[in-house]
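Chemist: Contents are compact mmCIF, C-alpha atoms; file name protein-v7.txt:
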```txt
# COMPACT_ATOMS: atom_id res chain seq x y z
CA MET J 1 102.06 143.09 -18.70
CA ILE J 2 98.81 141.26 -18.29
CA CYS J 3 96.70 140.32 -15.28
CA LEU J 4 94.24 137.51 -16.03
CA LYS J 5 91.61 138.95 -13.71
CA ALA J 6 88.11 138.92 -15.23
CA PHE J 7 89.03 136.75 -18.19
CA SER J 8 85.81 134.90 -17.68
CA SER J 9 83.28 137.55 -16.80
CA PRO J 10 80.92 135.41 -14.66
CA LEU J 11 83.93 134.28 -12.65
CA HIS J 12 85.14 137.69 -11.55
CA LEU J 13 82.46 139.63 -9.77
CA PRO J 14 83.36 138.98 -6.10
CA THR J 15 83.26 141.18 -3.07
CA LEU J 16 86.91 141.83 -2.25
CA ARG J 17 88.00 140.47 1.12
CA ARG J 18 90.89 141.43 3.35
CA LEU J 19 92.14 138.46 5.31
CA ALA J 20 93.75 138.22 8.69
CA PRO J 21 97.28 136.76 9.08
CA SER J 22 98.86 133.17 9.13
CA SER J 23 101.47 128.92 4.95
CA SER J 24 102.95 123.82 1.98
CA LEU J 25 103.34 120.50 1.60
CA ARG J 26 106.16 120.50 -0.82
CA VAL J 27 107.49 123.91 0.01
CA ALA J 28 107.80 126.28 2.91
CA ALA J 29 108.01 129.87 3.69
CA SER J 30 108.96 132.75 5.83
CA ALA J 31 105.88 134.38 7.26
CA ALA J 32 105.65 137.76 5.74
CA ALA J 33 109.34 137.24 5.12
CA MET J 34 111.69 136.30 2.34
CA SER J 35 115.21 135.07 1.93
CA SER J 36 117.97 137.64 1.57
CA SER J 37 119.29 136.20 -1.69
CA SER J 38 118.14 137.52 -5.06
CA SER J 39 114.64 136.64 -6.22
CA ALA J 40 115.37 137.48 -9.85
CA VAL J 41 117.04 134.24 -10.88
CA ALA J 42 117.06 133.50 -14.60
CA ALA J 43 114.01 131.46 -15.71
CA PRO J 44 113.06 130.67 -12.11
CA VAL J 45 111.05 127.69 -11.02
CA GLU J 46 108.04 129.14 -9.24
CA HIS J 47 106.33 127.32 -6.37
CA ILE J 48 102.99 128.53 -5.03
CA VAL J 49 101.11 127.02 -2.10
CA LEU J 50 97.66 128.24 -1.07
CA LEU J 51 96.55 127.45 2.47
CA LYS J 52 93.25 127.72 4.29
CA ALA J 53 94.12 128.00 7.98
CA ARG J 54 91.82 126.53 10.62
CA PRO J 55 89.99 129.33 12.46
CA GLU J 56 90.90 127.77 15.80
CA ALA J 57 94.58 127.73 14.78
CA VAL J 58 94.45 131.45 14.11
CA ALA J 59 92.69 132.14 17.42
CA SER J 60 95.05 129.99 19.49
CA GLY J 61 98.27 131.23 17.97
CA ALA J 62 99.06 127.88 16.33
CA ALA J 63 98.86 129.50 12.91
CA ALA J 64 101.43 132.09 13.98
CA ALA J 65 103.69 129.28 15.17
CA MET J 66 103.23 127.56 11.83
CA VAL J 67 104.27 130.71 10.03
CA ALA J 68 107.30 131.12 12.29
CA SER J 69 108.42 127.56 11.59
CA LEU J 70 108.21 128.20 7.88
CA GLN J 71 109.99 131.52 8.20
CA ALA J 72 112.95 129.79 9.82
CA LEU J 73 113.46 127.70 6.67
CA ALA J 74 114.81 130.76 4.88
CA THR J 75 118.14 130.20 6.65
CA GLN J 76 117.92 126.44 7.14
CA VAL J 77 117.46 125.15 3.61
CA PRO J 78 119.94 125.75 0.76
CA GLY J 79 118.95 126.49 -2.83
CA LEU J 80 116.22 129.05 -2.13
CA ALA J 81 116.35 132.03 -4.46
CA TYR J 82 113.34 133.65 -2.77
CA ILE J 83 110.75 132.66 -0.19
CA HIS J 84 107.75 134.40 1.32
CA ALA J 85 104.78 133.30 3.39
CA GLY J 86 102.01 135.47 4.73
CA PRO J 87 98.35 136.39 4.58
CA VAL J 88 96.31 136.93 1.44
CA LEU J 89 95.41 140.58 0.93
CA ARG J 90 92.33 140.12 -1.27
CA LEU J 91 90.43 137.32 -2.95
CA ARG J 92 89.65 138.59 -6.44
CA SER J 93 87.48 135.91 -8.05
CA PRO J 94 84.63 133.55 -7.18
CA ALA J 95 87.02 130.60 -7.51
CA ALA J 96 89.31 132.19 -4.94
CA GLU J 97 86.36 132.90 -2.64
CA ALA J 98 85.19 129.30 -2.94
CA LEU J 99 88.64 127.93 -2.09
CA GLY J 100 88.83 130.20 0.95
CA THR J 101 92.59 130.70 0.94
CA THR J 102 93.82 132.67 3.94
CA HIS J 103 97.60 132.37 3.53
CA LEU J 104 100.03 131.86 0.71
CA LEU J 105 103.56 130.61 0.18
CA HIS J 106 105.62 131.80 -2.78
CA SER J 107 109.15 130.53 -3.37
CA ARG J 108 111.58 130.44 -6.28
CA TYR J 109 114.40 128.13 -7.32
CA ALA J 110 117.00 128.21 -10.05
CA THR J 111 116.24 124.59 -11.02
CA LYS J 112 113.65 121.88 -10.46
CA GLN J 113 116.31 119.93 -8.59
CA ASP J 114 116.67 122.78 -6.10
CA LEU J 115 112.91 122.60 -5.49
CA ALA J 116 113.10 118.82 -5.00
CA THR J 117 116.02 119.22 -2.59
CA TYR J 118 114.05 121.78 -0.61
CA ALA J 119 110.97 119.56 -0.45
CA ALA J 120 112.98 116.66 0.98
CA HIS J 121 115.03 118.70 3.44
CA PRO J 122 114.50 117.51 7.05
CA ALA J 123 113.79 121.05 8.29
CA HIS J 124 111.06 121.48 5.70
CA VAL J 125 109.55 118.08 6.41
CA ALA J 126 109.50 118.85 10.13
CA ALA J 127 107.80 122.21 9.61
CA VAL J 128 105.15 120.69 7.38
CA GLN J 129 104.41 117.70 9.59
CA GLY J 130 104.58 119.59 12.86
CA HIS J 131 102.87 122.84 11.94
CA VAL J 132 101.31 122.99 8.47
CA LEU J 133 99.31 119.77 8.31
CA PRO J 134 97.75 120.14 11.78
CA ASN J 135 96.71 123.74 11.14
CA ALA J 136 95.63 123.86 7.48
CA LEU J 137 92.15 122.83 6.39
CA ASP J 138 93.10 122.85 2.72
CA ILE J 139 96.29 123.01 0.65
CA THR J 140 96.63 123.76 -3.07
CA ALA J 141 100.02 123.80 -4.80
CA ILE J 142 101.27 124.61 -8.28
CA ASP J 143 104.74 124.84 -9.87
CA TRP J 144 105.91 126.31 -13.15
CA VAL J 145 109.05 127.37 -14.99
CA ASN J 146 108.91 131.03 -15.96
CA ALA J 147 108.18 131.46 -19.67
CA ALA J 148 108.36 135.27 -19.60
CA GLU J 149 111.23 137.05 -21.34
CA LEU J 150 112.26 139.13 -18.32
CA PRO J 151 112.64 138.38 -14.59
CA SER J 152 110.10 139.64 -12.07
CA PRO J 153 112.03 140.47 -8.89
CA VAL J 154 110.03 140.81 -5.68
CA SER J 155 111.05 143.36 -3.04
CA PRO J 156 109.71 144.01 0.46
CA GLY J 157 106.37 145.77 0.05
CA SER J 158 105.80 144.55 -3.51
CA ALA J 159 102.16 143.86 -4.33
CA VAL J 160 101.66 140.61 -6.22
CA ARG J 161 98.64 139.37 -8.15
CA LEU J 162 98.47 135.61 -8.49
CA THR J 163 96.41 134.00 -11.24
CA LEU J 164 95.76 130.28 -11.63
CA ALA J 165 93.82 129.07 -14.65
CA LYS J 166 92.26 126.01 -16.21
CA ALA J 167 92.22 125.81 -20.01
CA LYS J 168 89.01 125.10 -21.87
CA GLU J 169 88.51 121.59 -23.16
CA GLY J 170 90.49 121.09 -26.36
CA VAL J 171 92.92 123.91 -25.62
CA GLU J 172 96.52 122.86 -25.07
CA VAL J 173 98.19 124.55 -22.10
CA SER J 174 101.22 125.30 -24.28
CA GLN J 175 98.84 127.24 -26.55
CA LEU J 176 97.65 129.22 -23.56
CA VAL J 177 101.22 130.00 -22.51
CA GLU J 178 102.05 131.22 -26.02
CA LYS J 179 98.93 133.40 -26.13
CA VAL J 180 99.73 134.94 -22.73
CA ALA J 181 103.30 135.61 -23.85
CA ALA J 182 102.07 137.39 -26.98
CA ALA J 183 99.39 139.32 -25.10
CA THR J 184 101.84 140.36 -22.41
CA LYS J 185 104.29 141.62 -25.00
CA ALA J 186 101.55 143.54 -26.78
CA ALA J 187 100.36 145.10 -23.53
CA GLY J 188 103.85 146.12 -22.54
CA GLU J 189 104.90 146.61 -18.94
CA ALA J 190 101.64 148.18 -17.83
CA LYS J 191 102.09 150.41 -14.79
CA GLY J 192 105.58 148.97 -14.22
CA ALA J 193 104.50 145.39 -13.47
CA LYS J 194 106.78 142.41 -14.10
CA VAL J 195 105.35 138.97 -14.76
CA SER J 196 106.23 135.32 -14.49
CA PHE J 197 104.00 132.65 -16.00
CA GLY J 198 104.08 129.08 -17.21
CA GLU J 199 102.51 125.62 -17.38
CA ASN J 200 102.04 123.74 -14.13
CA PHE J 201 104.29 120.68 -13.89
CA SER J 202 102.97 119.37 -10.54
CA PRO J 203 99.30 118.43 -11.02
CA ALA J 204 98.87 116.25 -7.91
CA ARG J 205 97.71 119.03 -5.57
CA ALA J 206 96.77 121.70 -8.12
CA LYS J 207 93.00 121.01 -8.13
CA GLY J 208 93.01 121.00 -11.93
CA TYR J 209 94.81 124.33 -12.39
CA GLN J 210 97.17 124.03 -15.34
CA PHE J 211 98.64 127.51 -15.61
CA GLY J 212 100.06 130.01 -13.16
CA MET J 213 101.13 133.64 -13.29
CA VAL J 214 102.35 136.27 -10.88
CA ALA J 215 102.35 139.98 -11.72
CA VAL J 216 104.62 142.01 -9.44
CA PHE J 217 104.02 145.70 -8.70
CA ASP J 218 106.01 148.11 -6.55
CA SER J 219 103.02 148.81 -4.31
CA VAL J 220 99.33 148.09 -3.72
CA GLU J 221 98.56 151.49 -5.23
CA GLU J 222 100.30 150.55 -8.48
CA LEU J 223 98.46 147.24 -8.54
CA ASP J 224 95.12 148.98 -8.10
CA ALA J 225 95.99 151.54 -10.78
CA VAL J 226 96.25 148.86 -13.48
CA GLU J 227 92.50 148.17 -13.27
CA GLY J 228 90.85 149.36 -16.45
CA ASP J 229 94.11 150.03 -18.31
CA GLY J 230 93.25 149.87 -22.02
CA LYS J 231 96.17 147.70 -23.12
CA VAL J 232 95.66 145.30 -20.24
CA GLU J 233 91.96 144.96 -21.08
CA GLU J 234 92.88 144.17 -24.70
CA ALA J 235 95.31 141.52 -23.49
CA LYS J 236 92.63 139.95 -21.28
CA ALA J 237 90.22 139.84 -24.20
CA ALA J 238 92.82 138.02 -26.31
CA VAL J 239 93.27 135.25 -23.74
CA ARG J 240 89.73 134.94 -22.33
CA PRO J 241 88.41 132.51 -25.03
CA LEU J 242 91.02 129.92 -23.99
CA LEU J 243 90.05 129.85 -20.31
CA ASP J 244 87.58 127.77 -18.36
CA GLU J 245 88.14 128.75 -14.71
CA VAL J 246 90.34 131.45 -13.20
CA LEU J 247 91.45 131.98 -9.61
CA VAL J 248 92.82 135.41 -8.74
CA LEU J 249 94.14 136.79 -5.45
CA ASP J 250 96.51 139.52 -4.25
CA PHE J 251 99.19 139.48 -1.58
CA VAL J 252 101.96 141.75 -0.34
CA ALA J 253 105.55 140.54 0.02
CA GLY J 254 106.98 140.90 3.49
CA PRO J 255 110.31 142.33 4.67
CA ALA J 256 113.63 140.57 4.15
CA ALA J 257 114.60 137.95 6.71
CA GLY J 258 115.55 139.56 9.99
CA GLU J 259 113.59 142.77 9.43
CA ALA J 260 110.48 143.72 11.33
CA PRO J 261 107.31 142.40 9.64
CA THR J 262 104.91 144.73 7.89
CA PRO J 263 101.53 145.09 9.64
CA ALA J 264 98.93 142.77 8.15
CA SER J 265 96.25 145.45 7.81
CA LEU J 266 97.12 146.67 4.33
```
Represent the supplied structure as structure tokens.

Modeler:
Amino acid sequence: MICLKAFSSPLHLPTLRRLAPSSSLRVAASAAAMSSSSSAVAAPVEHIVLLKARPEAVASGAAAAMVASLQALATQVPGLAYIHAGPVLRLRSPAAEALGTTHLLHSRYATKQDLATYAAHPAHVAAVQGHVLPNALDITAIDWVNAAELPSPVSPGSAVRLTLAKAKEGVEVSQLVEKVAAATKAAGEAKGAKVSFGENFSPARAKGYQFGMVAVFDSVEELDAVEGDGKVEEAKAAVRPLLDEVLVLDFVAGPAAGEAPTPASL
């Protein structure tokens, strides 16, 4: 497996930040929660939404209400293979620090049509208009169809590293996807991680990011252990020349719907 952290050396020398709790225009979530159905659908459509919550919304409890409204969608909207919303654990790159993301939504669908159905569902629209838009300073969203050979199921407590990337001028995104696929295969499943990656097909709110990847680990400890792994470093070196800007952050998947949430201080 391959994490794209530090592909561009000047881009990846941040001070790691732990963020306090609290969310999608075209998608929703379950705050530190996920749907009970399987998250390991074949070739899933991935939907990622990065949110920067207003400080006053966090202080007043409005951000918590936003998260709760998104969490409720897990049982209100059909076609969700997996859904999670919750706080970012760590910002891992200067691009992530600059964006200032505090919360994240990650959901999966078997087809693009399922994603479109979810986006148009009245419950989702109500949650976005009533809670997300009033309480989010900034929203970034990206979608891709998984190009990895194997699924990357997410379980409660899984640690996930998200990478968004912009290709250098003259580099086709399809070329980048192929290079990541080859590098990932060469690296093997480092430290037990499973990956999903692909080309963004929703550029409107992606802020120029053309490629997305999630690497799923069983725990934060396993995620941290991959740093400096020789095969992973070789894989990074193989992909680095194709990249212009890279955004990297970590988050922890919450409990299944109906279970008690995991404390945010991870």

Chemist: Kindly give the distance, in Å, that separates atom CA of Ile142 of chain J and atom CA of Ile83 of chain J, rounded to a single decimal.

Modeler: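 Here the two named atoms are 14.8 Å from each other.
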
Chemist: Using only C-alpha atoms, which protein or nucleic acid residues come within 6 Å of segment 198-207 of chain J? Drop anything in the same chain fewer than 2 positions from it, and give the result as JSON, numbers by chain.

Modeler: {"J": [140, 141, 142, 143, 144, 145, 146, 147, 209, 210, 211, 212]}

Chemist: Which residue out of J:Val154, J:Ala183, J:Ala225, J:Val45 has the minimum interatomic distance to Phe251 of chain J when all atoms listed in the file are used?

Modeler: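 Using all atoms listed in the file, Phe251 of chain J sits closest to J:Val154.
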
Chemist: Given the choices J:Ser155, J:Pro241, J:Val128, J:Val220, which gets closest to Ala68 of chain J if the distance is worked out from all atoms listed in the file?

Modeler: J:Val128

Chemist: Mind giving me the straight-line distance from atom CA of Leu249 of chain J to atom CA of Glu227 of chain J in Å, one decimal?

Modeler: 13.9 Å

Chemist: Give as an mmCIF file with C-alpha atoms, keeping the file's coordinate frame every residue, naming chains and numbers as the document does, that has an atom within 12 Å of (99.3, 132.7, -27.3), counting only C-alpha atoms.

Modeler:
```cif
data_model
loop_
_atom_site.group_PDB
_atom_site.id
_atom_site.type_symbol
_atom_site.label_atom_id
_atom_site.label_comp_id
_atom_site.auth_asym_id
_atom_site.auth_seq_id
_atom_site.Cartn_x
_atom_site.Cartn_y
_atom_site.Cartn_z
ATOM 1 C CA ALA J 147 108.180 131.460 -19.670
ATOM 2 C CA VAL J 171 92.920 123.910 -25.620
ATOM 3 C CA GLU J 172 96.520 122.860 -25.070
ATOM 4 C CA VAL J 173 98.190 124.550 -22.100
ATOM 5 C CA SER J 174 101.220 125.300 -24.280
ATOM 6 C CA GLN J 175 98.840 127.240 -26.550
ATOM 7 C CA LEU J 176 97.650 129.220 -23.560
ATOM 8 C CA VAL J 177 101.220 130.000 -22.510
ATOM 9 C CA GLU J 178 102.050 131.220 -26.020
ATOM 10 C CA LYS J 179 98.930 133.400 -26.130
ATOM 11 C CA VAL J 180 99.730 134.940 -22.730
ATOM 12 C CA ALA J 181 103.300 135.610 -23.850
ATOM 13 C CA ALA J 182 102.070 137.390 -26.980
ATOM 14 C CA ALA J 183 99.390 139.320 -25.100
ATOM 15 C CA THR J 184 101.840 140.360 -22.410
ATOM 16 C CA LYS J 185 104.290 141.620 -25.000
ATOM 17 C CA ALA J 186 101.550 143.540 -26.780
ATOM 18 C CA GLY J 198 104.080 129.080 -17.210
ATOM 19 C CA ALA J 235 95.310 141.520 -23.490
ATOM 20 C CA LYS J 236 92.630 139.950 -21.280
ATOM 21 C CA ALA J 237 90.220 139.840 -24.200
ATOM 22 C CA ALA J 238 92.820 138.020 -26.310
ATOM 23 C CA VAL J 239 93.270 135.250 -23.740
ATOM 24 C CA ARG J 240 89.730 134.940 -22.330
ATOM 25 C CA PRO J 241 88.410 132.510 -25.030
ATOM 26 C CA LEU J 242 91.020 129.920 -23.990
ATOM 27 C CA LEU J 243 90.050 129.850 -20.310
#
```

Chemist: So what do you get for atom CA of Ala74 of chain J versus atom CA of Leu115 of chain J, distance-wise?

Modeler: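 It comes out at 13.3 Å.
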
Chemist: Which residues, written as a ChimeraX atom specification, have at least one atom at most 6 Å from Val88 of chain J, with all atoms listed in the file counted and residues fewer than 2 positions away on the same chain left out?

Modeler: /J:19,90,102-103,251

Chemist: Could you tell me which of J:Tyr118, J:Phe197, J:Phe217, J:Tyr109 comes closest to Ala165 of chain J if we count all atoms listed in the file?

Modeler: J:Phe197

Chemist: Once you add 4 Å to each side, what are the centre and edge lengths of the axis-aligned box holding all listed atoms of segment 167-185 of chain J? One decimal in Å, as JSON, if you can.

Modeler:
```
{"center_x": 96.4, "center_y": 131.4, "center_z": -23.5, "size_x": 23.8, "size_y": 28.5, "size_z": 15.0}
```

Chemist: I need every residue sitting at most 9 Å from the point (98.7, 121.3, 17.5) (coordinates as in the file, only C-alpha atoms considered), written as a ChimeraX atom specification.

Modeler: /J:57,62,130-131,134-135

Chemist: For Gly86 of chain J, which residue out of J:Ala59, J:Leu50, J:Thr117, J:Ala123 is the nearest one, using all atoms listed in the file?

Modeler: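 Comparing J:Ala59, J:Leu50, J:Thr117, J:Ala123 against Gly86 of chain J, the winner is J:Leu50.
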
Chemist: So, counting all atoms listed in the file, which residue among J:Leu89, J:Arg161, J:His124, J:Ala167 is closest to Thr75 of chain J?

Modeler: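 With all atoms listed in the file as the atom set, the closest residue is J:His124.
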
Chemist: From the list J:Pro44, J:Gly157, J:Gly254, J:Gly192, which residue is nearest Ser219 of chain J when using only C-alpha atoms?

Modeler: J:Gly157

Chemist: Tell me, as a ChimeraX atom specification, which residues lie within 7 Å of Ser152 of chain J, counting only C-alpha atoms; anything in the same chain fewer than 2 positions away does not count.

Modeler: /J:40,150,154,194-196,216

Chemist: Would you mind writing segment 127-148 of chain J with N, CA and C atoms, as a PDB file, in the coordinates of the input?

Modeler:
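The resulting part34.pdb:
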```pdb
ATOM      1  N   ALA J 127     108.718 121.073   9.544  1.00  0.00           N
ATOM      2  CA  ALA J 127     107.800 122.210   9.610  1.00  0.00           C
ATOM      3  C   ALA J 127     106.426 121.824   9.060  1.00  0.00           C
ATOM      4  N   VAL J 128     106.418 121.090   7.982  1.00  0.00           N
ATOM      5  CA  VAL J 128     105.150 120.690   7.380  1.00  0.00           C
ATOM      6  C   VAL J 128     104.381 119.730   8.292  1.00  0.00           C
ATOM      7  N   GLN J 129     105.087 118.702   8.779  1.00  0.00           N
ATOM      8  CA  GLN J 129     104.410 117.700   9.590  1.00  0.00           C
ATOM      9  C   GLN J 129     104.012 118.233  10.965  1.00  0.00           C
ATOM     10  N   GLY J 130     104.844 119.113  11.519  1.00  0.00           N
ATOM     11  CA  GLY J 130     104.580 119.590  12.860  1.00  0.00           C
ATOM     12  C   GLY J 130     103.670 120.799  12.942  1.00  0.00           C
ATOM     13  N   HIS J 131     103.609 121.585  11.861  1.00  0.00           N
ATOM     14  CA  HIS J 131     102.870 122.840  11.940  1.00  0.00           C
ATOM     15  C   HIS J 131     101.840 123.038  10.819  1.00  0.00           C
ATOM     16  N   VAL J 132     102.212 122.695   9.588  1.00  0.00           N
ATOM     17  CA  VAL J 132     101.310 122.990   8.470  1.00  0.00           C
ATOM     18  C   VAL J 132     100.120 122.023   8.441  1.00  0.00           C
ATOM     19  N   LEU J 133     100.396 120.741   8.431  1.00  0.00           N
ATOM     20  CA  LEU J 133      99.310 119.770   8.310  1.00  0.00           C
ATOM     21  C   LEU J 133      98.310 119.852   9.460  1.00  0.00           C
ATOM     22  N   PRO J 134      98.740 120.045  10.701  1.00  0.00           N
ATOM     23  CA  PRO J 134      97.750 120.140  11.780  1.00  0.00           C
ATOM     24  C   PRO J 134      96.906 121.412  11.744  1.00  0.00           C
ATOM     25  N   ASN J 135      97.369 122.437  11.052  1.00  0.00           N
ATOM     26  CA  ASN J 135      96.710 123.740  11.140  1.00  0.00           C
ATOM     27  C   ASN J 135      96.095 124.232   9.836  1.00  0.00           C
ATOM     28  N   ALA J 136      96.191 123.464   8.774  1.00  0.00           N
ATOM     29  CA  ALA J 136      95.630 123.860   7.480  1.00  0.00           C
ATOM     30  C   ALA J 136      94.453 122.961   7.116  1.00  0.00           C
ATOM     31  N   LEU J 137      93.324 123.579   6.830  1.00  0.00           N
ATOM     32  CA  LEU J 137      92.150 122.830   6.390  1.00  0.00           C
ATOM     33  C   LEU J 137      92.290 122.373   4.949  1.00  0.00           C
ATOM     34  N   ASP J 138      92.995 123.158   4.149  1.00  0.00           N
ATOM     35  CA  ASP J 138      93.100 122.850   2.720  1.00  0.00           C
ATOM     36  C   ASP J 138      94.418 123.374   2.185  1.00  0.00           C
ATOM     37  N   ILE J 139      95.011 122.626   1.261  1.00  0.00           N
ATOM     38  CA  ILE J 139      96.290 123.010   0.650  1.00  0.00           C
ATOM     39  C   ILE J 139      96.187 122.807  -0.862  1.00  0.00           C
ATOM     40  N   THR J 140      96.557 123.818  -1.613  1.00  0.00           N
ATOM     41  CA  THR J 140      96.630 123.760  -3.070  1.00  0.00           C
ATOM     42  C   THR J 140      98.031 124.184  -3.479  1.00  0.00           C
ATOM     43  N   ALA J 141      98.647 123.456  -4.405  1.00  0.00           N
ATOM     44  CA  ALA J 141     100.020 123.800  -4.800  1.00  0.00           C
ATOM     45  C   ALA J 141     100.178 123.703  -6.313  1.00  0.00           C
ATOM     46  N   ILE J 142     101.013 124.577  -6.848  1.00  0.00           N
ATOM     47  CA  ILE J 142     101.270 124.610  -8.280  1.00  0.00           C
ATOM     48  C   ILE J 142     102.709 125.076  -8.515  1.00  0.00           C
ATOM     49  N   ASP J 143     103.357 124.491  -9.523  1.00  0.00           N
ATOM     50  CA  ASP J 143     104.740 124.840  -9.870  1.00  0.00           C
ATOM     51  C   ASP J 143     104.826 125.125 -11.368  1.00  0.00           C
ATOM     52  N   TRP J 144     105.659 126.095 -11.733  1.00  0.00           N
ATOM     53  CA  TRP J 144     105.910 126.310 -13.150  1.00  0.00           C
ATOM     54  C   TRP J 144     107.301 126.889 -13.362  1.00  0.00           C
ATOM     55  N   VAL J 145     107.802 126.737 -14.594  1.00  0.00           N
ATOM     56  CA  VAL J 145     109.050 127.370 -14.990  1.00  0.00           C
ATOM     57  C   VAL J 145     108.694 128.633 -15.760  1.00  0.00           C
ATOM     58  N   ASN J 146     109.260 129.746 -15.363  1.00  0.00           N
ATOM     59  CA  ASN J 146     108.910 131.030 -15.960  1.00  0.00           C
ATOM     60  C   ASN J 146     109.147 131.043 -17.459  1.00  0.00           C
ATOM     61  N   ALA J 147     108.089 131.367 -18.220  1.00  0.00           N
ATOM     62  CA  ALA J 147     108.180 131.460 -19.670  1.00  0.00           C
ATOM     63  C   ALA J 147     108.266 132.912 -20.146  1.00  0.00           C
ATOM     64  N   ALA J 148     108.265 133.865 -19.220  1.00  0.00           N
ATOM     65  CA  ALA J 148     108.360 135.270 -19.600  1.00  0.00           C
ATOM     66  C   ALA J 148     109.786 135.615 -20.014  1.00  0.00           C
TER      67      ALA J 148
END
```
